[in-house]
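Chemist: Structure in C-alpha cells, see below.
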Amino acid sequence: MIKYSLVLLLLISNIAFGQDSAQTQYSINDSWIFFKDAAEKPVALTELGDREVEIVNLPHSFNTDDAIYGATSKTEGFYRGPVWYIRKVTVPSDYKNKELFVYFEGANQETDVFVNGQFAGNHIGGYTRFVFPISQFVEFDEAKESTDFEIAVRVDTTHNLDVPTLQADFTFYGGIYRDVLLLVEEKVHFNLEDHASNGIYIRTPSVSAQQAELDVDVQLKNSGTTDRNVRLETTIYGPDSQQVATFLSDLDLSAGEVLTAKPKIDPIENPQLWSTDTPNQYRLVCKVYDAETDQMLDEVMDSFGCRWFSFDADKGFFLNGEHLQLIGTCRHQDYVGLGNALPDYIHREDVLRMKEMGSNFLRIAHYPQDPAILELCDQLGILTTIETPIVDTITESEAFKQNCLNIHLEMMRQNYNHPSLIIWAYMNEVLLHPKYKGDKAKQKVYFEKVYDIAAALEAMTRKEDPYRYTMIPNHANLNIYKDNGLTDLPMIVGWNIYYGWYKGEFSDVKKMMTEFHEAVPDKPMIIAEYGAGADPRLHSLDPVRFDFTVEYATRFHEQYLKALTELPFVAGINVWNMADFGSVGRADTVPNINNKGLIGIDRKPKDVFLFYQAALLDEPFVGITAKGWGRRACVEDSVGQGICSMPVEVFSNQKELELFHNGVSLGKKNAGEFNKFIWDVPFSGGVNTLRAVCSTNSTVEDLAVVKIDVLPIKLDEFPLSGLALNCGDYRFFHDDKIDQAWLPEKAYADGSWGYVGGEVYKMPRTPRQQHGTSQPIKGTHCDPVYQTQRIGIQQYRFDVPPGMYEITLHFAELTGQMSKALPYELTDADDKKPSKAKNRVFTVNVNGKPVVQQISLARDYGSFRAVKIKTLATTQSGESLVIDFVPTKEEAVLNGIELNKKL
C-alpha cells in the first residue's frame, strides 16, 4: 500500500465525512456492476437498460469458473476479451479543493478508466499497479453536502502481440482482481503518479555492523495553481518503534511542479541488521507541511532494512558477510475457485506457509504480485526475486519493447524499498519456443531483437537500482542462451531444470549443472525452477517418471535437494512451485492445472512439503506422509488374514522416532537418508491411527488417520465396500469428490479375481508418458481412471459367492483426434498430431449373456470421453462371475470396472 492510514470500506453510496487528516484513502471494492461487452465507450448506470449484468465485489476475476467463461473447464479455450465494471461513488462536496485519485493494485491486462463518461487514463499490463487523477472529471455541487460520480472501467484480456505476457504455462485470468482505492490528497502531496509508487525511494549504499548510510529521494508534487513554500520532515524509527532521528528541509514548490528532494540523513550507528533470522525493519516517515501555516499536507511511511549482500560465482550468496544458501519456492497468485482474485489473507497465508516450511528464498514468478507478498517477506525474513512478465517469447515490435520497459519500470518503482528484495529479473525461458525455426535468417533477426530488449531492460535496471542484482531465468538449453548473449547480460544466470521429469534422470543434475557453471564461470547461478507433477489422488509403491504420483515427486525432490545443496556455486534454489496453479491447456491427470506444487491449489500439503520441513526447519518437526493418503484400498497379504502391509514414511529432523499403529508400537527407528523413517504397517480394514513420536521428546509428534478397505484375495464373503479397479494401471487412485478408493488391476488367479489377457495401453510417440495418455477425458472428474486401459482384454473373472451383482464398466476411446492445441498447451508435440480413431467393435457378455452388444466407442461416443455402463448379473453356488470381451473388429478395451453385491 502506498500509504499507511486506515483503509475504510465504501459501499456503493457510502460517504466519507469528517476527514481531518492530510490525506485519506479507502477501498471502493463493493457493488460494481459487471458485464461482458466489446463497446469502447462507457455506458451510464441509468442507461444499462435490459442488458444482463452482475453485481460483483472486488477482487474479481471473470474467467475463474466453468459456469462463467470456462477458465478451469475442459472446454477448448476460455474467454479473452473486454468486460466492463461500473459503479457510483459518493464523496463530500468539500473534496472540490482536494486532489482525487483512483488507484488500482492490479487489473488484467489492458485497462481504460472513465469518470462521468470522460476518459481518465489507460494502463497496459496485468500485474503492476496504476493510478489516475480524476478531480477534473468530477462536477462538485457545493450547495449540496455530497457529490456523486460514476467510474467505468473497461478491462480487456484480448491477445495483443504488443503486450506481455504473450504465452505461458499459467492461466491469464481477467478482471479487476486486486483492490481499488479512492485517494484524497491536498494540492501538495507526495507524488504517487510516479508509476503508482509512494514517491519515496530508499537506498542503503553502504552498510556494516557499525554503520548504515541512507540515500533517500522524496518526490513532491504541487497540483495547485500557486507557488508553495513547504517544510519536509523526515523521521526514522528503529525496529523497536523508538525515534532514531528527524531531519528537516525547507523547499519551494512552483505551481504544477514535481520536485525530487534529497533530505540529508545522517548514518545510523550500530544498526540492527535485517536478516532471515532477525528481520529488523526501520521505518522512514515523511511529512510535508505548509511552511507558513504549519498545516500538515501529506504523510507517507515506508520500511527499510539495514543489510548488505553479495553473490559470488563460485561460493554462492552472502548476507551481512555470512554465507547463506538460498532455498525456497516460486509462487503463482491463484487459488481454487478464485482465480487471481484473492483476498489479502490468502496471500499472507501463503508466505506464512513458506516460513513454516523453512524457506528463506522466494521467486515471485512470473510477474509482480499483490503488495501483501513482499510486505510479509520483509517481516518474516524471506529473501525475494521479482520479475517482469516476459515469458517464452517476444514480439519484434517497438511497441512491445516499450511496454516491456514501462512495465519493468513500474515494477521497480513500486517495490523499490523492500529489504527482502535482492534481485530484479526478466525474460523467463524467452527462447523456449524460438520463432522461425525453418528460416535461419529471420531467426537471427529475432534473436537479435530478444537481445536488444534484454539489453535495454538490463541497462535501465542498473541505472534505476545499482545496489541490487539482475537475473534472466532460462530453460535448460545452455547453448541457445549462451550463443545469443543472454548469459552475458545479467548479473546472475537462472536455470529452470527438470532432469528426471520431462527428460533425463535424477543423476544428470550434478553433472549438467557443473557443465553449465564451467560454460559460464563468471556468473553466479540460481536454480530458478525444478519440480515434478504430483496429483494427490495418485499413489504408487513403485513410482516411475511422469506418473504424477505423490511418491515419485517426493523421490524427485529428495534427489534434487541433496544434489543441488552439494554444489557450492549454486547460490540459491527455487522449487517449482509452492502451490498447484491454473494453466489452461495443460492436459495431465488434472486438466488445466499444473500440479508441481508442494501444496495443492486448495493449499492442502503434499508429502513433499513435509520432506522440505524436515530438511529445512531448525525447530523439532515430525510429519507422517500417510496424512495425504488417508483413504485407500489394498489387497490382503494372504488368504483370510485381513491384513494389508504397506510402507509408511515419516519425515523428521529428529534422530530417532517411534511409530504406534492403533496404539501398538511398531518399534523405534533411526533416521535414514533424506531425514526419512520407514515402517511396514499391517493395516486392517477400517480406520487405522498412526502416531509418530520423537524418542527423546514426547511432545514432538504427528498423527495420521487412514481409512482403508482391505480386500480379500478370495471373495468367499464379498466386501461391503465393493471393488473399484483401474485397468491398465499400477497406481492407487482416490476419487476425492466421493471419497472412493480405486485399486490398480491384478491378474486373475484361480479362486480369486482379476483380468485375463490383454496388455497395458501406451500412447504412441510420447516417450515421457510411460503408460496411458495425458489427454483430458470429457465427462468425468476422474481422468486417471479413463486415461489408462487394458487393450485386447479377454475376460474379467470374479470367483464370488452366489447372489446378485451390479457391474459397472468404464470405457474411453484413447485413439483419435487429440484435444485441440490450446494457446498455452505444453503436452508433447506429437500428442497434438491428428490421428484416426480405432474402429474397434466388441461385445461384452456376462456369464454368456450379451449385455453390451457391438459397442464402438469411437462411433457411439467419440474419442477421449468417459463411458460408464451398468448392468446386473446373478451367480449360482459354485459359479463364477465371468465377463467376456468379444471383439468383432480390432481389440476390445476396458478402462475400469466396479463390482458391488446387491443381494
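Residue names in the C-alpha cells use chain letters A, B, ... in the order shown, residue numbers from 1 in each chain, and ligand numbers from 1 in the order shown.
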Please build the interface table for stretch 724-766 of chain A against stretch 785-791 of chain A with a cut-off of 6 Å, listing for each qualifying residue the nearest atom pair and the distance in Å to one decimal; count only C-alpha atoms, order rows by chain and increasing number, and write it as JSON lines.

Modeler:
```
{"residue": "A:Asn726", "atom": "CA", "partner": "A:Val785", "partner_atom": "CA", "distance": 5.7}
{"residue": "A:Cys727", "atom": "CA", "partner": "A:Gln789", "partner_atom": "CA", "distance": 5.0}
{"residue": "A:Gly728", "atom": "CA", "partner": "A:Gln789", "partner_atom": "CA", "distance": 4.4}
{"residue": "A:Gly758", "atom": "CA", "partner": "A:Ile791", "partner_atom": "CA", "distance": 5.3}
{"residue": "A:Glu759", "atom": "CA", "partner": "A:Arg790", "partner_atom": "CA", "distance": 5.4}
{"residue": "A:Val760", "atom": "CA", "partner": "A:Arg790", "partner_atom": "CA", "distance": 4.8}
{"residue": "A:Tyr761", "atom": "CA", "partner": "A:Gln789", "partner_atom": "CA", "distance": 5.6}
```

Chemist: Could you list, as a PyMOL selection string, every residue within 10 Å of A:Arg353, counting only C-alpha atoms and ignoring same-chain residues fewer than 3 positions away?

Modeler: chain A and resi 348-350+356-359+578+599+603+605+609

Chemist: So that I can check the surroundings of stretch 262-278 of chain A, please list as a list in words every protein, DNA and RNA residue that reaches within 6 Å of it, counting only C-alpha atoms and ignoring chain neighbours fewer than 5 positions away.

Modeler: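 Once the adjacent positions are removed, what remains is Ala209, Gln210, Gln211, Ala212, Glu213, Val216, Asp217, Gly305, Cys306, Arg307, Gly381 and Ile382 of chain A.
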
Chemist: Taking into account only C-alpha atoms, which residue in the set A:Val622, A:Leu259, A:Val351, A:Ile124 is nearest to A:Leu374?

Modeler: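 Looking only at the distances to A:Leu374, the closest residue turns out to be A:Val351.
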
Chemist: So which residues touch A:Ala579 within 9 Å, counting only C-alpha atoms, skipping near sequence neighbours fewer than 5 positions away, as a PDB file with N, CA and C atoms, in the first residue's frame?

Modeler:
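New file out_0.pdb:
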```pdb
ATOM      1  N   CYS A 330       8.999 -21.000  -5.826  1.00  0.00           N
ATOM      2  CA  CYS A 330       8.358 -19.984  -6.675  1.00  0.00           C
ATOM      3  C   CYS A 330       6.885 -19.903  -6.258  1.00  0.00           C
ATOM      4  N   ARG A 331       6.201 -18.871  -6.745  1.00  0.00           N
ATOM      5  CA  ARG A 331       4.787 -18.738  -6.404  1.00  0.00           C
ATOM      6  C   ARG A 331       3.994 -18.133  -7.550  1.00  0.00           C
ATOM      7  N   HIS A 332       2.836 -18.749  -7.835  1.00  0.00           N
ATOM      8  CA  HIS A 332       1.793 -18.115  -8.639  1.00  0.00           C
ATOM      9  C   HIS A 332       0.711 -17.601  -7.703  1.00  0.00           C
ATOM     10  N   ASP A 334      -2.815 -17.682  -7.897  1.00  0.00           N
ATOM     11  CA  ASP A 334      -4.219 -18.081  -7.952  1.00  0.00           C
ATOM     12  C   ASP A 334      -4.564 -19.103  -6.877  1.00  0.00           C
ATOM     13  N   TYR A 335      -5.876 -19.345  -6.764  1.00  0.00           N
ATOM     14  CA  TYR A 335      -6.408 -20.219  -5.721  1.00  0.00           C
ATOM     15  C   TYR A 335      -7.661 -20.880  -6.284  1.00  0.00           C
ATOM     16  N   ASP A 350      -0.005 -17.818   2.343  1.00  0.00           N
ATOM     17  CA  ASP A 350       0.986 -18.477   1.501  1.00  0.00           C
ATOM     18  C   ASP A 350       2.404 -18.189   1.980  1.00  0.00           C
ATOM     19  N   ASN A 595       0.351 -29.261 -11.625  1.00  0.00           N
ATOM     20  CA  ASN A 595       0.330 -29.788 -10.260  1.00  0.00           C
ATOM     21  C   ASN A 595       1.720 -30.113  -9.727  1.00  0.00           C
ATOM     22  N   LYS A 596       2.691 -29.244 -10.032  1.00  0.00           N
ATOM     23  CA  LYS A 596       4.037 -29.399  -9.475  1.00  0.00           C
ATOM     24  C   LYS A 596       4.171 -28.765  -8.089  1.00  0.00           C
ATOM     25  N   GLY A 597       3.087 -28.289  -7.530  1.00  0.00           N
ATOM     26  CA  GLY A 597       3.157 -27.618  -6.241  1.00  0.00           C
ATOM     27  C   GLY A 597       3.516 -28.546  -5.105  1.00  0.00           C
ATOM     28  N   LEU A 598       4.136 -27.975  -4.067  1.00  0.00           N
ATOM     29  CA  LEU A 598       4.367 -28.705  -2.828  1.00  0.00           C
ATOM     30  C   LEU A 598       3.078 -28.812  -2.023  1.00  0.00           C
ATOM     31  N   ILE A 599       2.142 -27.927  -2.318  1.00  0.00           N
ATOM     32  CA  ILE A 599       0.797 -27.984  -1.755  1.00  0.00           C
ATOM     33  C   ILE A 599      -0.178 -27.837  -2.913  1.00  0.00           C
ATOM     34  N   GLY A 600      -1.429 -28.204  -2.695  1.00  0.00           N
ATOM     35  CA  GLY A 600      -2.414 -28.140  -3.759  1.00  0.00           C
ATOM     36  C   GLY A 600      -2.883 -26.727  -4.035  1.00  0.00           C
ATOM     37  N   ILE A 601      -3.648 -26.567  -5.097  1.00  0.00           N
ATOM     38  CA  ILE A 601      -4.220 -25.249  -5.391  1.00  0.00           C
ATOM     39  C   ILE A 601      -5.204 -24.862  -4.294  1.00  0.00           C
ATOM     40  N   ASP A 602      -5.661 -25.856  -3.521  1.00  0.00           N
ATOM     41  CA  ASP A 602      -6.502 -25.597  -2.350  1.00  0.00           C
ATOM     42  C   ASP A 602      -5.682 -25.451  -1.080  1.00  0.00           C
ATOM     43  N   ARG A 603      -4.342 -25.483  -1.224  1.00  0.00           N
ATOM     44  CA  ARG A 603      -3.364 -25.273  -0.155  1.00  0.00           C
ATOM     45  C   ARG A 603      -3.265 -26.455   0.805  1.00  0.00           C
ATOM     46  N   LYS A 604      -3.724 -27.639   0.421  1.00  0.00           N
ATOM     47  CA  LYS A 604      -3.501 -28.820   1.241  1.00  0.00           C
ATOM     48  C   LYS A 604      -2.098 -29.347   0.953  1.00  0.00           C
ATOM     49  N   PRO A 605      -1.303 -29.616   1.997  1.00  0.00           N
ATOM     50  CA  PRO A 605       0.085 -30.026   1.764  1.00  0.00           C
ATOM     51  C   PRO A 605       0.190 -31.429   1.182  1.00  0.00           C
TER      52      PRO A 605
END
```

Chemist: Residues at most 10 Å from A:Ile86, counting only C-alpha atoms, excluding those fewer than 2 positions away in the same chain, as a PyMOL selection string?

Modeler: chain A and resi 31-35+42-45+55+84+88-89+113-115+150-154

Chemist: Restrict the calculation to only C-alpha atoms, then for each residue of stretch 126-169 of chain A with any atom at most 12 Å from an atom of stretch 409-432 of chain A give the closest atom pair and their distance in Å to one decimal, rows by chain and rising residue number, as CSV.

Modeler:
```
residue,atom,partner,partner_atom,distance
A:Gly126,CA,A:Met411,CA,11.5
A:Tyr127,CA,A:Met411,CA,8.7
A:Thr128,CA,A:Met411,CA,6.2
A:Arg129,CA,A:Glu410,CA,7.5
A:Phe130,CA,A:Glu410,CA,8.4
A:Val131,CA,A:Glu410,CA,11.3
A:Pro164,CA,A:Met427,CA,10.1
A:Thr165,CA,A:Met427,CA,10.0
A:Leu166,CA,A:Val430,CA,10.7
A:Gln167,CA,A:Val430,CA,10.3
A:Ala168,CA,A:Asn428,CA,9.6
A:Asp169,CA,A:Glu429,CA,11.0
```

Chemist: What separation in Å, quoted to one decimal, exists between atom CA of A:Glu387 and atom CA of A:Leu489?

Modeler: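 These atoms are spaced 15.5 Å apart.
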
Chemist: Report as an NGL selection string: the residues of stretch 367-588 of chain A with a DSSP assignment of strand (DSSP E or B), based on the backbone of this structure.

Modeler: :A and (383-387 or 391 or 421-425 or 428 or 469-475 or 492-496 or 499 or 503 or 525-529 or 538-539 or 570-575 or 579 or 581-582)

Chemist: Between A:Asp252, A:Asp112, A:Asp215, A:Glu233, which is the closest to A:Val188 once you count only C-alpha atoms?

Modeler: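 Closest residue, counting only C-alpha atoms: A:Asp252.
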
Chemist: Tell me which protein, DNA and RNA residues are within 10 Å of stretch 646-651 of chain A, counting only C-alpha atoms, leaving out same-chain ones fewer than 5 positions away, and put them as a ChimeraX atom specification.

Modeler: /A:541,607-615,621-626,634,637,657,659,671-672,674-683,690,692,702

Chemist: Selection from above, C-alpha atoms, as a PDB file, in the first residue's frame, can you write it?

Modeler:
```pdb
ATOM      1  CA  LEU A 541       4.550 -48.344  -4.233  1.00  0.00           C
ATOM      2  CA  ASP A 607       4.111 -35.409   1.124  1.00  0.00           C
ATOM      3  CA  VAL A 608       6.941 -33.410  -0.403  1.00  0.00           C
ATOM      4  CA  PHE A 609       6.022 -30.385   1.723  1.00  0.00           C
ATOM      5  CA  LEU A 610       6.720 -32.499   4.805  1.00  0.00           C
ATOM      6  CA  PHE A 611      10.049 -33.553   3.309  1.00  0.00           C
ATOM      7  CA  TYR A 612      11.160 -29.921   2.999  1.00  0.00           C
ATOM      8  CA  GLN A 613      10.010 -29.120   6.521  1.00  0.00           C
ATOM      9  CA  ALA A 614      12.151 -31.938   7.887  1.00  0.00           C
ATOM     10  CA  ALA A 615      15.100 -30.862   5.738  1.00  0.00           C
ATOM     11  CA  PHE A 621       9.457 -31.474  13.344  1.00  0.00           C
ATOM     12  CA  VAL A 622       7.688 -34.766  12.612  1.00  0.00           C
ATOM     13  CA  GLY A 623       5.427 -35.341   9.590  1.00  0.00           C
ATOM     14  CA  ILE A 624       3.633 -38.579   8.652  1.00  0.00           C
ATOM     15  CA  THR A 625       3.086 -38.790   4.890  1.00  0.00           C
ATOM     16  CA  ALA A 626       0.038 -41.028   5.353  1.00  0.00           C
ATOM     17  CA  CYS A 634      -5.491 -52.700  -0.968  1.00  0.00           C
ATOM     18  CA  ASP A 637      -1.293 -60.085   2.223  1.00  0.00           C
ATOM     19  CA  LEU A 657      11.284 -41.876  16.217  1.00  0.00           C
ATOM     20  CA  LEU A 659       5.662 -45.281  15.415  1.00  0.00           C
ATOM     21  CA  ALA A 671      16.689 -41.525  10.592  1.00  0.00           C
ATOM     22  CA  GLY A 672      17.667 -42.797   7.179  1.00  0.00           C
ATOM     23  CA  PHE A 674      16.683 -37.627   3.453  1.00  0.00           C
ATOM     24  CA  ASN A 675      15.525 -37.400   7.119  1.00  0.00           C
ATOM     25  CA  LYS A 676      13.187 -40.288   6.380  1.00  0.00           C
ATOM     26  CA  PHE A 677      11.880 -43.097   8.589  1.00  0.00           C
ATOM     27  CA  ILE A 678      10.024 -46.083   7.082  1.00  0.00           C
ATOM     28  CA  TRP A 679       7.849 -48.664   8.822  1.00  0.00           C
ATOM     29  CA  ASP A 680       5.932 -51.574   7.304  1.00  0.00           C
ATOM     30  CA  VAL A 681       2.462 -51.109   8.763  1.00  0.00           C
ATOM     31  CA  PRO A 682      -0.053 -54.005   8.995  1.00  0.00           C
ATOM     32  CA  PHE A 683      -3.215 -52.125   8.072  1.00  0.00           C
ATOM     33  CA  LEU A 690      -0.779 -43.687  13.317  1.00  0.00           C
ATOM     34  CA  ALA A 692       4.945 -40.910  15.297  1.00  0.00           C
ATOM     35  CA  ASP A 702       2.446 -36.217  14.488  1.00  0.00           C
TER      36      ASP A 702
END
```

Chemist: What does the distance from atom CA of A:Gly754 to atom CA of A:Val635 come to in Å, to one decimal?

Modeler: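 Interatomic distance, atom CA of A:Gly754 to atom CA of A:Val635: 11.8 Å.
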
Chemist: Which polymer residues have any atom within 12 Å of an atom of stretch 509-521 of chain A, counting only C-alpha atoms, with same-chain residues fewer than 4 positions away left out, as a JSON list (two decimals) with C-alpha atoms, in the first residue's frame?

Modeler:
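Once written, selection27.json looks like this:
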```
[["chain", "number", "residue", "atom", "x", "y", "z"],
["A", 312, "ASP", "CA", 29.96, -14.97, -5.79],
["A", 313, "ALA", "CA", 30.19, -17.11, -8.93],
["A", 314, "ASP", "CA", 32.00, -19.91, -7.09],
["A", 315, "LYS", "CA", 30.92, -19.56, -3.46],
["A", 316, "GLY", "CA", 27.27, -18.55, -3.66],
["A", 474, "ASN", "CA", 16.46, -19.70, -18.75],
["A", 475, "HIS", "CA", 15.30, -23.18, -19.58],
["A", 476, "ALA", "CA", 17.97, -25.88, -19.61],
["A", 477, "ASN", "CA", 19.32, -25.26, -23.10],
["A", 478, "LEU", "CA", 22.73, -23.79, -22.38],
["A", 479, "ASN", "CA", 23.85, -23.22, -25.95],
["A", 481, "TYR", "CA", 21.16, -18.67, -24.41],
["A", 482, "LYS", "CA", 24.95, -18.54, -24.43],
["A", 483, "ASP", "CA", 25.20, -18.25, -28.22],
["A", 485, "GLY", "CA", 24.44, -13.41, -25.42],
["A", 486, "LEU", "CA", 21.72, -13.80, -22.80],
["A", 487, "THR", "CA", 24.12, -15.32, -20.29],
["A", 488, "ASP", "CA", 26.41, -12.29, -20.65],
["A", 489, "LEU", "CA", 23.88, -9.55, -19.83],
["A", 490, "PRO", "CA", 22.51, -10.20, -16.34],
["A", 491, "MET", "CA", 24.50, -10.29, -13.15],
["A", 492, "ILE", "CA", 23.03, -13.71, -12.27],
["A", 493, "VAL", "CA", 22.07, -16.55, -14.61],
["A", 494, "GLY", "CA", 18.99, -18.54, -13.61],
["A", 495, "TRP", "CA", 18.32, -22.05, -14.87],
["A", 496, "ASN", "CA", 14.99, -23.91, -14.89],
["A", 497, "ILE", "CA", 15.83, -27.63, -14.84],
["A", 498, "TYR", "CA", 13.66, -30.75, -14.95],
["A", 499, "TYR", "CA", 16.03, -33.71, -15.37],
["A", 500, "GLY", "CA", 14.15, -36.76, -14.20],
["A", 501, "TRP", "CA", 10.79, -35.29, -15.16],
["A", 503, "LYS", "CA", 13.71, -35.77, -19.74],
["A", 504, "GLY", "CA", 16.82, -37.41, -18.36],
["A", 505, "GLU", "CA", 17.38, -38.84, -14.91],
["A", 525, "MET", "CA", 23.96, -19.33, -10.67],
["A", 526, "ILE", "CA", 20.47, -19.76, -9.28],
["A", 527, "ILE", "CA", 18.28, -22.78, -9.98],
["A", 530, "TYR", "CA", 12.85, -27.52, -10.54],
["A", 556, "PHE", "CA", 12.46, -36.33, -7.26],
["A", 557, "HIS", "CA", 12.80, -33.62, -4.61],
["A", 559, "GLN", "CA", 17.45, -36.28, -5.02],
["A", 560, "TYR", "CA", 17.40, -32.67, -6.19],
["A", 561, "LEU", "CA", 17.79, -31.07, -2.78],
["A", 562, "LYS", "CA", 20.70, -33.35, -1.97],
["A", 563, "ALA", "CA", 22.44, -32.77, -5.31],
["A", 564, "LEU", "CA", 21.97, -29.01, -5.53],
["A", 565, "THR", "CA", 22.95, -28.22, -1.95],
["A", 566, "GLU", "CA", 26.23, -30.07, -2.52],
["A", 567, "LEU", "CA", 27.22, -27.67, -5.34],
["A", 568, "PRO", "CA", 28.88, -24.59, -3.75],
["A", 569, "PHE", "CA", 28.46, -22.48, -6.89],
["A", 570, "VAL", "CA", 24.66, -22.82, -6.77],
["A", 571, "ALA", "CA", 23.71, -19.69, -4.81]]
```

Chemist: Of the candidates A:Lys669, A:Lys440, A:Lys746, A:Arg80, which one gets nearest to A:Tyr173 if we count only C-alpha atoms?

Modeler: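 Closest residue, counting only C-alpha atoms: A:Arg80.
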
Chemist: Measuring between only C-alpha atoms, which one of A:Gln443, A:Ser197, A:Thr388, A:Gln243 shows the shortest distance to A:Pro473?

Modeler: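 Among the listed residues, the smallest separation from A:Pro473 belongs to A:Thr388.
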
Chemist: If you run DSSP on the backbone here, which positions in stretch 329-474 of chain A get helix (DSSP H, G or I)? Please write them as a VMD selection string.

Modeler: chain A and resid 344 to 357 371 to 380 398 to 414 440 to 464

Chemist: Please, what distance in Å, to one decimal, runs between atom CA of A:Leu220 and atom CA of A:Phe190?

Modeler: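 Separation between atom CA of A:Leu220 and atom CA of A:Phe190: 4.5 Å.
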